[in-house]
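Here's the structure, in structure tokens; my notes come after.
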Amino acid sequence: MPTEEAADLIELTRDIADKELLPKAAAYEREGRFPREVFTGLGEAGLLGLPYPEQYGGGEQPYEVYLQVLEEIAARWSAVAVGVSVHALSCFAVANFGTDEQREQWLPDMLGGQLLGAYCLSEPHAGSDPAAMITRAVRDGDEYAVSGAKAWTTHGGQADYYTTMARTSDDRTRGISCFSVLADTSGLSADKPEDKMGLMSSTTATMRFDSARVPASRLIGEEGQGLQIALAALDSGRLGIAACATGLAQGALDAAIAYARERTTFGRKIIDHQGLGFLLADMEAAVTSARATYLSAARLKDAGRPYSKEASIAKLVATDNAMRVTTDAVQVLGGAGYTKDFPVERYMREAKVMQIFEGTNQIQRLVISRHLAG
């Protein structure tokens with residue numbers, strides 16, 4: 001930790017995560033129940049706005065500290081950690097591109113947990129290629145009429161506002177603008193939530209904009225600046241997912257070690273059998289290397305240096321490692337790991353999507369290779 005304050009923050013997070021999150025996680029995941037009260041509590045504890053300025057209610061913490069907080073949450077309940085990361089992503093546009101008036105008016109409630117955010121970028125036909133979006137915002141006096149559909153929206157139907165990218169001209173890259181759309185906007189609705197493999201307590205839905213009337217005052221930045229805002233936000237968001245994946249992998253590793261220390265075969269604890277001990281050693285190496293990659297990228301960001309390539313590396317390494325570690329955790333538990341009596345089968349299902357959202361790992365490889373070519 002860079003400061004004593006940061007160390008205290010991690011201890012606070014662990015205490016909250018152990019007392020408030022861990023006891024609820026399995027039941028909420030089993031029932032597919034959205035934990036809105038958990039996000040409210042995290043906001044009250046000051047954990048929703050950690051990387052943002054203190055003058056607007058944020059924690060003004062370095063990104064390397066914020067990400068370690070995310071990791072601690074994910075080790076207990078990854079759906080909540082993903083939700084915190086997405087909420088931070090939804091605040092990015094206002095915090096970095098909004099006017100002083102927008103920041104002063106909106107950020108305190110966003111960072112304090114009174115308002116929960118979502119991020120609307122992907123569309124049914126435009127996921128990895130956001131410049132291909134067709135959702136359109138047409139200026140009409142003091143309002144924009146927004147029409148289209150935004151897919152895979154985390155907190156869809158649950159959020160209080162939606163940071164939304166929509167096309168305001170036909171220019172492929174300079175024709176996209178960013179809006180903060182309130183949930184009660186006329187013409188905005190959510191489809192039935194997706195029936196997913198994992199992260200059951202994290203609601204994911206397509207948001208429908210049917211000539212939704214959005215005040216011009218809720219345009220963030222300038223017209224045509226939306227793709228720039230979105231791509232800058234995604235670099236930060238990829239680090240958030242890298243931290244979430246690392247925490248999930250750490251939780252799976254901890255469960256596997258605990259089981260291996262108790263289970264015996266042939267008169268010995270299974271952790272003392274070299275074959276299994278080496279498997280656990282590889283899992284530990286994977287978690288530790290994932291943590292190192294996201295912290296390295298975060299320190300570049302905190303220093304104001306370019307970190308886009310490193311963010312993609314962190315997302316790629318951490319999520320691929322999480323998939324491998326959670327799969328191996330199931331293997332360590334054997335038949336027990338394949339049952340829902342133990343959490344590792346859920347961890348494995350949750351790890352899969354981390355290789356997909358915030359840019360698939362194939363897209364991360366594309367980003368990295370383009371940096372190398374350039």
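Labels for the structure tokens follow display order: chains A, B, ..., residues from 1 in each chain, ligands from 1.
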Between region 203-258 of chain A and region 101-122 of chain A, at 12 Å or less, what are the per-residue closest atom pairs and their distances in Å? Count only C-alpha atoms, order by chain and rising residue number, and return it as JSON lines.
```
{"residue": "A:Thr203", "atom": "CA", "partner": "A:Ala118", "partner_atom": "CA", "distance": 10.6}
{"residue": "A:Thr204", "atom": "CA", "partner": "A:Ala118", "partner_atom": "CA", "distance": 10.0}
{"residue": "A:Ala205", "atom": "CA", "partner": "A:Cys120", "partner_atom": "CA", "distance": 10.4}
{"residue": "A:Thr206", "atom": "CA", "partner": "A:Cys120", "partner_atom": "CA", "distance": 9.1}
{"residue": "A:Met207", "atom": "CA", "partner": "A:Cys120", "partner_atom": "CA", "distance": 8.0}
{"residue": "A:Arg208", "atom": "CA", "partner": "A:Cys120", "partner_atom": "CA", "distance": 10.5}
{"residue": "A:Phe209", "atom": "CA", "partner": "A:Cys120", "partner_atom": "CA", "distance": 11.0}
{"residue": "A:Ser217", "atom": "CA", "partner": "A:Gln102", "partner_atom": "CA", "distance": 8.6}
{"residue": "A:Arg218", "atom": "CA", "partner": "A:Gln102", "partner_atom": "CA", "distance": 8.2}
{"residue": "A:Leu219", "atom": "CA", "partner": "A:Gln102", "partner_atom": "CA", "distance": 9.7}
{"residue": "A:Ile220", "atom": "CA", "partner": "A:Gln102", "partner_atom": "CA", "distance": 8.5}
{"residue": "A:Gly221", "atom": "CA", "partner": "A:Gln102", "partner_atom": "CA", "distance": 10.4}
{"residue": "A:Gly226", "atom": "CA", "partner": "A:Leu121", "partner_atom": "CA", "distance": 9.9}
{"residue": "A:Leu227", "atom": "CA", "partner": "A:Leu121", "partner_atom": "CA", "distance": 9.4}
{"residue": "A:Ile229", "atom": "CA", "partner": "A:Leu121", "partner_atom": "CA", "distance": 10.9}
{"residue": "A:Ala230", "atom": "CA", "partner": "A:Leu121", "partner_atom": "CA", "distance": 7.7}
{"residue": "A:Leu231", "atom": "CA", "partner": "A:Leu121", "partner_atom": "CA", "distance": 10.2}
{"residue": "A:Ala233", "atom": "CA", "partner": "A:Tyr119", "partner_atom": "CA", "distance": 10.2}
{"residue": "A:Leu234", "atom": "CA", "partner": "A:Leu121", "partner_atom": "CA", "distance": 10.2}
{"residue": "A:Gly237", "atom": "CA", "partner": "A:Tyr119", "partner_atom": "CA", "distance": 10.7}
```
TODO: Quick one: everything within 6 Å of Ala81 (chain A), counting only C-alpha atoms, minus sequence neighbours fewer than 4 positions away in the same chain. Send it as a ChimeraX atom specification.
DONE: /A:70,73-74
TODO: Quick one: everything within 12 Å of Pro193 (chain A), counting only C-alpha atoms, minus sequence neighbours fewer than 6 positions away in the same chain. Send it as a ChimeraX atom specification.
DONE: /A:32-34,151-158,200-207
Open item on the list: Between CA of Leu50 (chain A) and CA of Phe357 (chain A), what distance in Å does the model show, to one decimal?
Closed with: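 For CA of Leu50 (chain A) relative to CA of Phe357 (chain A), the distance reads 22.3 Å.
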Open item on the list: Would you pick out the contacts of Gly148 (chain A) at 9 Å or less, using only C-alpha atoms, so that residues sharing its chain but fewer than 6 positions from it are not included, and give the list as a PyMOL selection string?
Closed with: chain A and resi 123+134-137+166+207-211
Include C-alpha atoms and write out the residues we just selected as a PDB file, in the first residue's frame.
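Generated file (result_37.pdb):
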```pdb
ATOM      1  CA  GLU A 123     -25.458  -2.936 -29.309  1.00  0.00           C
ATOM      2  CA  ILE A 134     -26.710   2.784 -34.922  1.00  0.00           C
ATOM      3  CA  THR A 135     -28.515   4.114 -31.831  1.00  0.00           C
ATOM      4  CA  ARG A 136     -29.182   7.714 -32.842  1.00  0.00           C
ATOM      5  CA  ALA A 137     -29.751  10.966 -30.966  1.00  0.00           C
ATOM      6  CA  ALA A 166     -25.466   7.475 -29.344  1.00  0.00           C
ATOM      7  CA  MET A 207     -32.102  -1.099 -22.824  1.00  0.00           C
ATOM      8  CA  ARG A 208     -34.612   0.226 -25.371  1.00  0.00           C
ATOM      9  CA  PHE A 209     -34.676   3.867 -26.422  1.00  0.00           C
ATOM     10  CA  ASP A 210     -37.932   4.717 -28.204  1.00  0.00           C
ATOM     11  CA  SER A 211     -37.577   8.404 -29.073  1.00  0.00           C
TER      12      SER A 211
END
```
